[in-house]
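Asker: Contents of run.cif (mmCIF, C-alpha atoms and all ligand atoms) are given next:
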data_input
#
loop_
_atom_site.label_atom_id
_atom_site.label_comp_id
_atom_site.auth_asym_id
_atom_site.auth_seq_id
_atom_site.Cartn_x
_atom_site.Cartn_y
_atom_site.Cartn_z
CA MET A 1 -10.05 22.60 0.40
CA ASP A 2 -11.03 22.08 4.04
CA TYR A 3 -9.20 19.00 5.25
CA LYS A 4 -11.03 19.03 8.61
CA THR A 5 -14.23 17.86 6.86
CA TYR A 6 -12.41 15.99 4.10
CA PHE A 7 -13.41 12.45 5.11
CA HIS A 8 -17.11 13.36 5.04
CA ASN A 9 -16.84 14.50 1.43
CA TYR A 10 -14.30 12.20 -0.20
CA PRO A 11 -15.05 9.95 -1.88
CA ASN A 12 -18.58 11.01 -2.86
CA HIS A 13 -21.42 8.46 -3.07
CA GLU A 14 -20.18 7.32 -6.50
CA GLY A 15 -16.75 6.59 -5.11
CA ARG A 16 -15.18 9.64 -6.75
CA PHE A 17 -12.28 11.71 -5.52
CA GLY A 18 -12.82 14.71 -7.78
CA GLU A 19 -12.50 13.36 -11.31
CA TYR A 20 -10.87 10.05 -10.26
CA GLY A 21 -12.22 6.75 -8.92
CA GLY A 22 -15.71 5.42 -9.63
CA VAL A 23 -16.83 2.00 -10.85
CA TYR A 24 -16.18 0.77 -14.41
CA LEU A 25 -17.53 -2.77 -14.49
CA PRO A 26 -20.03 -4.94 -16.38
CA ASP A 27 -23.49 -4.82 -14.75
CA ASP A 28 -23.41 -8.15 -12.91
CA LEU A 29 -20.01 -7.45 -11.33
CA LYS A 30 -21.19 -3.95 -10.47
CA LYS A 31 -23.95 -5.50 -8.37
CA ALA A 32 -21.43 -7.56 -6.42
CA PHE A 33 -19.33 -4.48 -5.60
CA GLU A 34 -22.48 -2.57 -4.58
CA GLU A 35 -23.19 -5.34 -2.09
CA ILE A 36 -19.71 -4.90 -0.59
CA ASP A 37 -20.21 -1.13 -0.47
CA TYR A 38 -23.53 -1.46 1.34
CA ALA A 39 -22.10 -3.98 3.80
CA TYR A 40 -19.09 -1.77 4.46
CA GLN A 41 -21.20 1.33 5.09
CA THR A 42 -23.37 -0.50 7.60
CA ILE A 43 -21.32 -3.27 9.25
CA CYS A 44 -18.02 -1.40 9.52
CA ARG A 45 -19.56 1.44 11.46
CA SER A 46 -21.07 -0.85 14.11
CA SER A 47 -19.39 -0.89 17.50
CA GLN A 48 -19.23 -4.69 17.35
CA PHE A 49 -17.10 -4.57 14.19
CA ILE A 50 -14.90 -1.74 15.43
CA ASN A 51 -14.26 -3.36 18.80
CA GLU A 52 -13.43 -6.70 17.22
CA LEU A 53 -11.02 -5.08 14.74
CA ARG A 54 -9.33 -3.20 17.60
CA ARG A 55 -8.88 -6.43 19.53
CA ILE A 56 -7.41 -8.20 16.48
CA ARG A 57 -5.00 -5.35 15.84
CA LYS A 58 -3.75 -5.41 19.38
CA GLU A 59 -3.65 -9.14 20.12
CA PHE A 60 -2.95 -10.70 16.73
CA GLN A 61 -1.13 -8.03 14.73
CA GLY A 62 0.84 -6.47 17.58
CA ARG A 63 -0.39 -2.89 17.11
CA PRO A 64 0.36 -0.15 17.78
CA THR A 65 3.70 -0.43 15.99
CA PRO A 66 6.27 2.00 17.42
CA VAL A 67 7.72 5.24 16.09
CA TYR A 68 11.52 5.16 16.21
CA HIS A 69 14.13 7.94 16.06
CA CYS A 70 17.00 7.09 13.67
CA ASN A 71 19.67 8.78 15.72
CA ARG A 72 22.81 7.39 14.07
CA LEU A 73 21.52 7.65 10.51
CA SER A 74 20.38 11.25 11.11
CA ARG A 75 23.80 12.24 12.48
CA LYS A 76 25.55 10.71 9.45
CA ILE A 77 23.56 13.06 7.23
CA GLY A 78 23.45 16.32 9.19
CA ALA A 79 21.21 18.24 11.56
CA CYS A 80 17.77 16.96 10.51
CA GLN A 81 16.12 14.13 12.36
CA ILE A 82 14.68 11.05 10.62
CA TYR A 83 11.95 9.05 12.35
CA LEU A 84 10.35 5.77 11.25
CA LYS A 85 6.84 4.43 11.72
CA ARG A 86 7.63 0.74 12.14
CA GLU A 87 5.05 -1.07 10.00
CA ASP A 88 7.77 -3.67 9.42
CA LEU A 89 6.96 -4.85 12.96
CA ASN A 90 3.31 -5.53 12.11
CA HIS A 91 2.53 -9.30 12.00
CA THR A 92 3.70 -10.87 8.68
CA GLY A 93 6.21 -8.03 8.33
CA ALA A 94 4.33 -5.29 6.47
CA HIS A 95 1.32 -2.99 6.52
CA LYS A 96 -0.76 -5.24 4.23
CA LEU A 97 -2.30 -7.16 7.10
CA ASN A 98 -4.02 -3.92 8.27
CA HIS A 99 -6.50 -4.08 5.38
CA CYS A 100 -6.52 -7.86 4.94
CA MET A 101 -7.76 -8.37 8.52
CA GLY A 102 -10.40 -5.66 7.92
CA GLU A 103 -11.53 -7.35 4.70
CA GLY A 104 -11.53 -10.76 6.39
CA LEU A 105 -13.60 -9.46 9.30
CA LEU A 106 -16.08 -7.89 6.87
CA ALA A 107 -16.39 -11.24 5.04
CA HIS A 108 -16.96 -12.94 8.38
CA PHE A 109 -19.73 -10.47 9.35
CA MET A 110 -21.31 -10.83 5.87
CA GLY A 111 -21.41 -14.62 6.27
CA LYS A 112 -19.18 -15.26 3.23
CA LYS A 113 -17.18 -18.46 3.17
CA ARG A 114 -14.41 -17.60 0.70
CA LEU A 115 -11.88 -14.80 0.08
CA ILE A 116 -10.77 -14.29 -3.55
CA ALA A 117 -7.86 -12.17 -4.74
CA GLU A 118 -5.03 -11.92 -7.21
CA THR A 119 -1.41 -11.45 -6.32
CA GLY A 120 1.69 -10.39 -8.24
CA ALA A 121 4.75 -10.70 -6.04
CA GLY A 122 2.74 -12.76 -3.55
CA GLN A 123 2.79 -10.31 -0.61
CA HIS A 124 -0.94 -9.60 -0.78
CA GLY A 125 -1.63 -13.31 -1.26
CA VAL A 126 0.29 -14.20 1.89
CA ALA A 127 -1.40 -11.46 3.97
CA LEU A 128 -4.84 -12.49 2.77
CA ALA A 129 -4.12 -16.20 3.34
CA THR A 130 -3.14 -15.23 6.89
CA ALA A 131 -6.47 -13.45 7.41
CA ALA A 132 -8.35 -16.44 5.94
CA ALA A 133 -6.59 -18.84 8.31
CA TYR A 134 -7.43 -16.57 11.26
CA PHE A 135 -11.15 -16.42 10.39
CA GLY A 136 -11.45 -20.02 9.17
CA LEU A 137 -12.41 -18.94 5.64
CA GLU A 138 -11.46 -20.52 2.31
CA CYS A 139 -8.94 -18.51 0.31
CA GLU A 140 -8.44 -18.55 -3.45
CA ILE A 141 -5.42 -16.65 -4.80
CA HIS A 142 -5.03 -16.15 -8.56
CA MET A 143 -1.45 -15.86 -9.69
CA GLY A 144 0.26 -15.76 -13.10
CA GLU A 145 2.36 -18.84 -13.89
CA VAL A 146 5.39 -16.63 -14.47
CA ASP A 147 5.01 -15.11 -10.98
CA ILE A 148 4.43 -18.53 -9.40
CA VAL A 149 7.89 -19.60 -10.56
CA LYS A 150 9.55 -16.31 -9.53
CA GLN A 151 7.92 -16.09 -6.11
CA ALA A 152 8.19 -19.70 -4.95
CA PRO A 153 8.68 -18.90 -1.22
CA ASN A 154 5.46 -16.84 -1.09
CA VAL A 155 3.57 -19.58 -2.97
CA ALA A 156 4.78 -22.05 -0.34
CA ARG A 157 3.66 -19.72 2.49
CA MET A 158 0.18 -19.36 0.98
CA LYS A 159 -0.14 -23.13 0.71
CA VAL A 160 0.99 -23.72 4.30
CA LEU A 161 -1.62 -21.17 5.40
CA GLY A 162 -4.25 -23.24 3.57
CA ALA A 163 -4.89 -21.06 0.49
CA LYS A 164 -5.64 -22.49 -2.93
CA VAL A 165 -3.25 -20.95 -5.48
CA VAL A 166 -4.88 -20.84 -8.93
CA PRO A 167 -2.25 -20.70 -11.72
CA VAL A 168 -3.15 -18.33 -14.56
CA SER A 169 -1.80 -19.53 -17.89
CA PHE A 170 -3.08 -17.06 -20.50
CA GLY A 171 -1.56 -13.83 -21.88
CA LEU A 172 1.67 -12.72 -20.25
CA LYS A 173 0.80 -14.93 -17.24
CA THR A 174 1.47 -12.12 -14.74
CA LEU A 175 -0.52 -9.68 -12.59
CA LYS A 176 -2.92 -8.26 -15.17
CA GLU A 177 -4.12 -11.72 -16.23
CA ALA A 178 -4.35 -12.76 -12.57
CA VAL A 179 -6.78 -9.86 -11.99
CA ASP A 180 -8.91 -10.97 -14.98
CA SER A 181 -8.96 -14.54 -13.72
CA ALA A 182 -9.88 -13.50 -10.16
CA PHE A 183 -12.70 -11.22 -11.42
CA ASP A 184 -14.05 -14.18 -13.47
CA SER A 185 -14.03 -16.49 -10.50
CA TYR A 186 -15.69 -13.85 -8.31
CA LEU A 187 -18.43 -13.28 -10.87
CA LYS A 188 -19.24 -17.00 -10.75
CA SER A 189 -19.33 -17.18 -6.96
CA TYR A 190 -20.08 -13.77 -5.46
CA LYS A 191 -22.99 -15.08 -3.38
CA GLU A 192 -20.63 -17.02 -1.13
CA SER A 193 -17.36 -15.13 -1.79
CA ILE A 194 -15.86 -11.70 -1.36
CA TYR A 195 -13.20 -10.11 -3.53
CA CYS A 196 -10.33 -8.60 -1.56
CA ILE A 197 -8.22 -5.99 -3.31
CA GLY A 198 -4.66 -5.52 -2.06
CA SER A 199 -4.29 -1.73 -2.23
CA VAL A 200 -6.29 1.52 -2.51
CA VAL A 201 -7.09 0.64 -6.14
CA GLY A 202 -9.95 -1.06 -8.01
CA PRO A 203 -13.62 -0.10 -8.15
CA HIS A 204 -15.39 1.70 -5.30
CA PRO A 205 -15.58 0.94 -2.34
CA PHE A 206 -12.03 -0.47 -2.24
CA PRO A 207 -9.99 2.76 -2.49
CA MET A 208 -12.01 4.16 0.43
CA MET A 209 -12.24 0.95 2.44
CA VAL A 210 -8.54 0.05 2.19
CA ARG A 211 -7.60 3.64 3.06
CA ASP A 212 -9.85 3.52 6.12
CA PHE A 213 -8.34 0.22 7.27
CA GLN A 214 -4.81 1.64 6.78
CA MET A 215 -5.55 4.92 8.52
CA CYS A 216 -4.41 3.43 11.84
CA ILE A 217 -0.83 4.02 10.60
CA GLY A 218 -1.23 7.79 10.35
CA ILE A 219 -3.41 8.20 13.43
CA GLU A 220 -1.01 6.22 15.63
CA ALA A 221 2.09 7.85 14.15
CA ARG A 222 0.77 11.38 14.72
CA GLU A 223 -0.05 10.67 18.35
CA GLN A 224 3.24 8.86 18.99
CA PHE A 225 5.33 11.55 17.36
CA LEU A 226 3.60 14.28 19.37
CA GLU A 227 4.15 12.33 22.55
CA MET A 228 7.85 11.77 21.78
CA THR A 229 8.76 15.28 20.68
CA GLY A 230 5.93 17.61 21.70
CA LEU A 231 5.65 18.72 18.07
CA LEU A 232 4.36 17.56 14.72
CA PRO A 233 6.96 16.48 12.16
CA ASP A 234 7.85 19.07 9.50
CA ALA A 235 7.40 16.48 6.78
CA ILE A 236 6.19 12.91 6.33
CA CYS A 237 6.78 10.49 3.48
CA ALA A 238 5.86 7.01 2.27
CA CYS A 239 6.38 4.91 -0.86
CA VAL A 240 3.57 4.71 -3.42
CA GLY A 241 2.84 1.53 -5.36
CA GLY A 242 -0.92 1.16 -5.48
CA GLY A 243 -0.83 3.60 -2.59
CA SER A 244 -2.22 1.88 0.52
CA ASN A 245 0.52 2.36 3.13
CA SER A 246 0.97 5.97 2.00
CA ALA A 247 -2.78 6.69 1.99
CA GLY A 248 -3.00 5.37 5.56
CA MET A 249 -0.04 7.45 6.69
CA PHE A 250 -1.08 10.65 4.89
CA SER A 251 -4.69 10.49 6.11
CA GLY A 252 -3.54 11.11 9.67
CA PHE A 253 -1.85 14.40 8.71
CA LEU A 254 -3.98 15.96 5.92
CA ALA A 255 -5.36 18.73 8.16
CA ASP A 256 -1.97 19.56 9.71
CA PRO A 257 0.70 22.07 8.63
CA VAL A 258 2.94 19.18 7.57
CA GLU A 259 4.60 18.69 4.15
CA ILE A 260 3.61 15.36 2.63
CA TYR A 261 5.71 13.42 0.11
CA GLY A 262 4.66 10.32 -1.85
CA VAL A 263 7.68 8.53 -3.29
CA GLU A 264 7.28 6.73 -6.61
CA PRO A 265 9.77 4.21 -8.03
CA LEU A 266 11.97 5.60 -10.81
CA GLY A 267 13.54 2.17 -11.46
CA ARG A 268 16.32 2.41 -14.08
CA GLY A 269 15.33 5.83 -15.41
CA THR A 270 12.73 8.05 -17.06
CA ASN A 271 12.04 6.03 -20.25
CA LEU A 272 8.64 4.36 -20.47
CA GLY A 273 9.09 0.75 -19.35
CA ASP A 274 12.00 1.57 -17.02
CA HIS A 275 9.99 2.88 -14.06
CA ALA A 276 6.58 2.79 -12.36
CA ALA A 277 6.23 6.50 -11.47
CA THR A 278 2.55 6.73 -12.34
CA ILE A 279 1.66 10.16 -10.97
CA THR A 280 4.88 11.76 -12.21
CA TYR A 281 4.56 10.44 -15.80
CA GLY A 282 1.01 9.04 -16.17
CA LYS A 283 -2.13 10.22 -17.95
CA LYS A 284 -5.79 9.78 -17.07
CA GLY A 285 -7.26 6.40 -17.98
CA VAL A 286 -9.32 3.40 -16.82
CA LEU A 287 -7.83 0.09 -15.65
CA HIS A 288 -9.21 -2.79 -13.54
CA GLY A 289 -12.55 -1.05 -13.01
CA PHE A 290 -11.52 2.46 -11.87
CA GLU A 291 -10.35 5.78 -13.30
CA SER A 292 -7.02 7.25 -12.29
CA LEU A 293 -3.64 8.24 -13.62
CA LEU A 294 -2.14 5.45 -15.68
CA LEU A 295 1.18 4.79 -17.41
CA GLN A 296 0.17 4.27 -21.04
CA ASP A 297 1.90 3.53 -24.31
CA ALA A 298 1.24 5.51 -27.52
CA GLU A 299 -1.95 3.49 -28.17
CA GLY A 300 -3.30 4.15 -24.67
CA ASN A 301 -2.71 0.59 -23.41
CA PRO A 302 -1.25 0.06 -19.91
CA ALA A 303 2.52 0.41 -20.33
CA PRO A 304 5.05 -2.16 -19.10
CA VAL A 305 6.44 -1.06 -15.74
CA TYR A 306 9.62 -1.83 -13.84
CA SER A 307 11.08 -1.35 -10.37
CA ASN A 308 13.49 -3.43 -8.28
CA ALA A 309 10.69 -3.37 -5.67
CA SER A 310 8.11 -5.84 -6.97
CA GLY A 311 5.44 -4.34 -4.66
CA LEU A 312 5.68 -1.00 -6.46
CA ASP A 313 5.49 -1.99 -10.13
CA TYR A 314 1.86 -1.32 -11.01
CA PRO A 315 0.91 0.89 -14.01
CA ALA A 316 -1.93 2.66 -12.14
CA VAL A 317 -2.27 4.29 -8.72
CA GLY A 318 -5.07 4.80 -6.20
CA PRO A 319 -7.53 7.48 -7.40
CA GLU A 320 -7.21 9.43 -4.15
CA HIS A 321 -3.49 9.94 -4.81
CA ALA A 322 -4.27 11.31 -8.28
CA PHE A 323 -6.67 13.68 -6.51
CA TRP A 324 -4.18 14.74 -3.81
CA ALA A 325 -1.65 15.42 -6.58
CA LYS A 326 -4.14 17.56 -8.49
CA GLU A 327 -5.08 19.44 -5.30
CA LYS A 328 -1.36 19.84 -4.53
CA ARG A 329 -1.84 18.58 -0.97
CA VAL A 330 0.74 15.83 -1.51
CA ASN A 331 4.02 16.26 -3.41
CA TYR A 332 4.87 13.23 -5.53
CA VAL A 333 8.59 12.67 -6.00
CA THR A 334 10.69 9.75 -7.21
CA ALA A 335 13.56 7.56 -6.01
CA SER A 336 15.53 5.25 -8.33
CA ASP A 337 16.57 1.60 -7.81
CA GLU A 338 20.08 2.77 -6.87
CA GLU A 339 18.87 5.36 -4.32
CA ALA A 340 16.58 2.78 -2.73
CA ILE A 341 19.43 0.27 -2.45
CA ALA A 342 21.67 2.90 -0.84
CA ALA A 343 18.93 3.58 1.73
CA PHE A 344 18.48 -0.16 2.27
CA PHE A 345 22.16 -0.61 3.20
CA ASN A 346 22.44 2.56 5.28
CA LEU A 347 19.38 1.89 7.42
CA SER A 348 20.52 -1.71 7.91
CA ARG A 349 24.07 -0.78 8.92
CA TYR A 350 23.45 2.32 11.02
CA GLU A 351 20.18 1.40 12.71
CA GLY A 352 19.96 -2.41 12.66
CA ILE A 353 16.74 -2.32 10.64
CA ILE A 354 16.61 -4.11 7.26
CA PRO A 355 13.76 -2.45 5.32
CA ALA A 356 11.80 -3.84 2.36
CA ILE A 357 13.07 -2.45 -0.97
CA GLU A 358 9.64 -0.82 -1.36
CA SER A 359 10.04 1.03 1.94
CA SER A 360 13.67 1.84 1.03
CA HIS A 361 12.33 4.20 -1.65
CA ALA A 362 10.65 6.30 1.07
CA ILE A 363 13.74 6.15 3.29
CA ALA A 364 15.86 7.30 0.32
CA TYR A 365 13.67 10.35 -0.07
CA ALA A 366 13.81 11.10 3.67
CA MET A 367 17.62 10.99 3.48
CA ARG A 368 17.53 13.42 0.54
CA TRP A 369 15.14 15.74 2.44
CA ALA A 370 17.38 15.62 5.51
CA LYS A 371 20.42 16.53 3.41
CA GLN A 372 18.59 19.52 1.91
CA HIS A 373 17.40 21.00 5.23
CA ARG A 374 19.35 22.58 8.08
CA SER A 375 16.90 21.55 10.80
CA GLY A 376 13.57 19.84 11.32
CA ALA A 377 12.20 16.31 11.36
CA ILE A 378 10.83 13.95 8.74
CA LEU A 379 8.73 10.92 9.66
CA VAL A 380 8.90 8.02 7.19
CA ASN A 381 6.57 5.07 6.99
CA CYS A 382 8.71 1.93 6.96
CA SER A 383 6.03 -0.18 5.24
CA GLY A 384 7.74 -3.56 5.58
CA ARG A 385 10.80 -5.57 6.51
CA GLY A 386 13.45 -6.65 4.02
CA ASP A 387 13.91 -10.36 4.81
CA LYS A 388 12.09 -11.23 1.57
CA ASP A 389 14.60 -9.14 -0.42
CA ILE A 390 17.88 -10.33 1.11
CA ASP A 391 18.75 -13.02 -1.47
CA TYR A 392 18.07 -10.65 -4.37
CA VAL A 393 20.05 -7.78 -2.83
CA ILE A 394 23.10 -9.89 -1.95
CA GLU A 395 23.21 -11.45 -5.41
CA LYS A 396 22.81 -8.17 -7.29
CA TYR A 397 24.55 -5.63 -5.01
CA GLY A 398 26.78 -7.61 -2.62
CA THR A 399 26.98 -6.49 1.02
CA GLY A 400 26.86 -2.81 0.08
CA GLU A 401 30.06 -1.29 1.60
CA ASN A 402 30.31 1.21 -1.26
CA TYR A 403 26.77 2.51 -0.57
CA LEU A 404 27.50 3.53 3.04
CA LEU A 405 27.65 7.17 4.16
C1 LIG B 501 2.87 -4.15 -1.23
C2 LIG B 501 3.86 -3.31 -0.55
C3 LIG B 501 4.00 -1.94 -0.86
C4 LIG B 501 3.22 -1.25 -1.93
O1 LIG B 501 1.85 -1.20 -1.76
P1 LIG B 501 1.05 0.13 -1.39
O2 LIG B 501 -0.35 -0.24 -1.67
O3 LIG B 501 1.55 1.23 -2.30
O4 LIG B 501 1.33 0.43 0.02
C5 LIG B 501 4.92 -1.19 -0.13
N1 LIG B 501 5.68 -1.76 0.83
C6 LIG B 501 5.59 -3.06 1.14
C7 LIG B 501 6.47 -3.60 2.22
C8 LIG B 501 4.68 -3.89 0.46
O5 LIG B 501 4.60 -5.19 0.77
#
Rewrite the structure of this file - the entire thing - as structure tokens.
Ligand SMILES: *Cc1c(COP(=O)(O)O)cnc(C)c1O
Answerer:
Amino acid sequence: MDYKTYFHNYPNHEGRFGEYGGVYLPDDLKKAFEEIDYAYQTICRSSQFINELRRIRKEFQGRPTPVYHCNRLSRKIGACQIYLKREDLNHTGAHKLNHCMGEGLLAHFMGKKRLIAETGAGQHGVALATAAAYFGLECEIHMGEVDIVKQAPNVARMKVLGAKVVPVSFGLKTLKEAVDSAFDSYLKSYKESIYCIGSVVGPHPFPMMVRDFQMCIGIEAREQFLEMTGLLPDAICACVGGGSNSAGMFSGFLADPVEIYGVEPLGRGTNLGDHAATITYGKKGVLHGFESLLLQDAEGNPAPVYSNASGLDYPAVGPEHAFWAKEKRVNYVTASDEEAIAAFFNLSRYEGIIPAIESSHAIAYAMRWAKQHRSGAILVNCSGRGDKDIDYVIEKYGTGENYLL
């Protein structure tokens, strides 16, 4: 595989990364996604669009986010050096705004008046509601009734930002039903609306488009790391839920002699239902309009998933990750709830940075890598900040003295 020409060839015109990806939708919805694909291919390559997105990233989001050397944490472990790409310092506290602002700007250029999406834990809903407020667009967020109760602070944020939160009251009343409900609403209103997926998942063009919008993470990080150290890192890593922050990070380094690690959540253990490690334990299947690896039960239905990081518990994964795994360009590894919590407390105490529990999975792996090597540097994407997780962590794990190195 020639990674220098990779982005010209993947995905192909059908939205396929090798055997994964594509579009699995009823005909009328297919048409709506084709419209988005066409608009993306034309509008997003115009200098007007690119310049406007650059301005937004700089003035509204606060990009570029810095790369930071974790000096004290590294010394606690040994001779390896751990560096962070600080996506937690992006506006709204995570990487999600990178693609939400891109999707919002595309909607604006297409003359749409409404953004539609589903949300599980509410993080995507809040980021998209932020983009909608910025562009003066309507925003409709579909959310399971169970999640609405669990994620009350994010529901409040969406409402303050002006979004309409649509409660979904059928089935298990969680993420899967929210997707069905949002697809339904989009089908009824695609002339004036655009559907905005929250990761590198879903039908083409979303896996490609969201990756492209997130690629600023990897491109910036590579340049910043080179400037700081004069070298490339020996390894990079990022957590993988749907796979957007990791896809953005990895894309900047595919053609380099750099080891790449995607970290999946192992939750409570290896039994089905106790984790969300899709690439490690999944099989090929179709969900939510695309083909990828999927955690499935014996009947081939999407399996229940679990992680203490609500942003990582999705039974599928972006098709490009399934492809990178097959091509062996990216190594997919796991970190458990406990390892993530240990990383959460250590980064907080030794560096003064409280990471999201999602990001803590990647930091946990970086700490393991550092312990196993005598020299070298690993660059971790810190996808978000942990303020949203503080109440949960304190209640379940206390202040964490027994986790410290
Ligand atoms: C949503 C989220 C994730 C997981 O999503 P990806 O698409 O896998 O990046 C990771 N970290 C944070 C902070 C998130 O909010």
Asker: Axis-aligned box over every listed atom of ligand LIG 501 (chain B), padded by 4 Å per side: centre and edges in Å to one decimal, as AutoDock Vina command-line options?
Answerer:
--center_x 3.1 --center_y -2.0 --center_z 0.0 --size_x 14.8 --size_y 14.4 --size_z 12.5
Asker: Report the closest atom pair, with its distance in Å rounded to one decimal, for each residue of chain A that has an atom no farther than 6 Å from ligand LIG 501 (chain B); count all atoms listed in the file, sort by chain and then rising residue number, and write it as a Markdown table.
Answerer:
| residue | atom | partner | partner_atom | distance |
| --- | --- | --- | --- | --- |
| A:Ala94 | CA | B:LIG501 | C7 | 5.0 |
| A:Gln123 | CA | B:LIG501 | O5 | 5.6 |
| A:Ser199 | CA | B:LIG501 | O2 | 4.2 |
| A:Val240 | CA | B:LIG501 | O3 | 4.2 |
| A:Gly241 | CA | B:LIG501 | O3 | 3.3 |
| A:Gly242 | CA | B:LIG501 | O3 | 4.0 |
| A:Gly243 | CA | B:LIG501 | O3 | 3.4 |
| A:Ser244 | CA | B:LIG501 | O2 | 3.6 |
| A:Asn245 | CA | B:LIG501 | O4 | 3.7 |
| A:Ser246 | CA | B:LIG501 | O4 | 5.9 |
| A:Gly311 | CA | B:LIG501 | C1 | 4.3 |
| A:Leu312 | CA | B:LIG501 | C4 | 5.2 |
| A:Ala356 | CA | B:LIG501 | C7 | 5.3 |
| A:Glu358 | CA | B:LIG501 | N1 | 4.6 |
| A:Ser359 | CA | B:LIG501 | N1 | 5.3 |
| A:Ser383 | CA | B:LIG501 | C7 | 4.6 |
| A:Gly384 | CA | B:LIG501 | C7 | 3.6 |
Asker: Please return, as a PyMOL selection string, all polymer residues that have at least one atom within 8 Å of the point (-6.5, -10.9, -11.1); use all atoms listed in the file and the file's own coordinate frame.
Answerer: chain A and resi 117-119+142-143+175-183
Asker: To one decimal place in Å, what is the distance between atom CA of Val333 of chain A and atom CA of Tyr261 of chain A?
Answerer: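 Interatomic distance here is 6.8 Å.
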Asker: Using all atoms listed in the file, can you tell me which of A:Ser307, A:Thr278, A:Ser292, A:Thr174 comes closest to Ile148 of chain A?
Answerer: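 For Ile148 of chain A, the nearest of the candidates is A:Thr174.
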Asker: Kindly provide, as a ChimeraX atom specification, the polymer residues lying within 10 Å of (3.1, -19.2, -13.3), counting only C-alpha atoms and using the coordinates exactly as they appear in the file.
Answerer: /A:142-152,166-170,172-174,178
Asker: Of the candidates A:Gly22, A:Gly120, A:Pro257, A:Gly136, which shows the shortest atom-to-atom distance to Asn154 of chain A, using all atoms listed in the file?
Answerer: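 Closest residue, counting all atoms listed in the file: A:Gly120.
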Asker: Give me the residues near Thr270 of chain A as a PyMOL selection string, where near means some atom within 10 Å (using all atoms listed in the file) and where sequence neighbours in that chain fewer than 6 positions away do not count.
Answerer: chain A and resi 276-277+280-281+336
Asker: What is the atom CA of Lys191 of chain A to atom CA of Ile56 of chain A distance in Å?
Answerer: 26.2 Å
Asker: With only C-alpha atoms as the atoms that count, which of A:Cys139, A:Leu53, A:Leu379, A:Ala298 lies nearest to Gly218 of chain A?
Answerer: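 The answer is A:Leu379, which sits nearest to Gly218 of chain A.
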Asker: Calculate how many Å separate atom CA of Val201 of chain A from atom CA of Glu223 of chain A, rounding to one decimal.
Answerer: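 Atom CA of Val201 of chain A sits 27.4 Å away from atom CA of Glu223 of chain A.
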Asker: Measuring atom to atom with all atoms listed in the file, identify which of A:Arg211, A:Lys85, A:Arg54, A:Arg268 is nearest to Gln224 of chain A.
Answerer: A:Lys85
Asker: Between A:Ala32, A:Leu405, A:Val286, A:Val126, which has the minimum distance to Gly93 of chain A (counting only C-alpha atoms)?
Answerer: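 Nearest to Gly93 of chain A: A:Val126.
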Asker: Go through A:Ala132, A:Met367, A:Leu254, A:Met208 one by one, measure the shortest atom-to-atom distance of each to Arg75 of chain A using all atoms listed in the file, and give the residue with the smallest value.
Answerer: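 When distances to Arg75 of chain A are compared using all atoms listed in the file, the smallest one comes from A:Met367.
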Asker: Which residues, written as a ChimeraX atom specification, have at least one atom at most 10 Å from Pro304 of chain A, with all atoms listed in the file counted and residues fewer than 6 positions away on the same chain left out?
Answerer: /A:272-276,295-297,313-315
Asker: For segment 337-342 of chain A, please output as a PyMOL selection string all residues within 7 Å (counting all atoms listed in the file; exclusion window: fewer than 2 positions along the same chain).
Answerer: chain A and resi 266-268+307-308+335+344-346+357+360-361+364+403
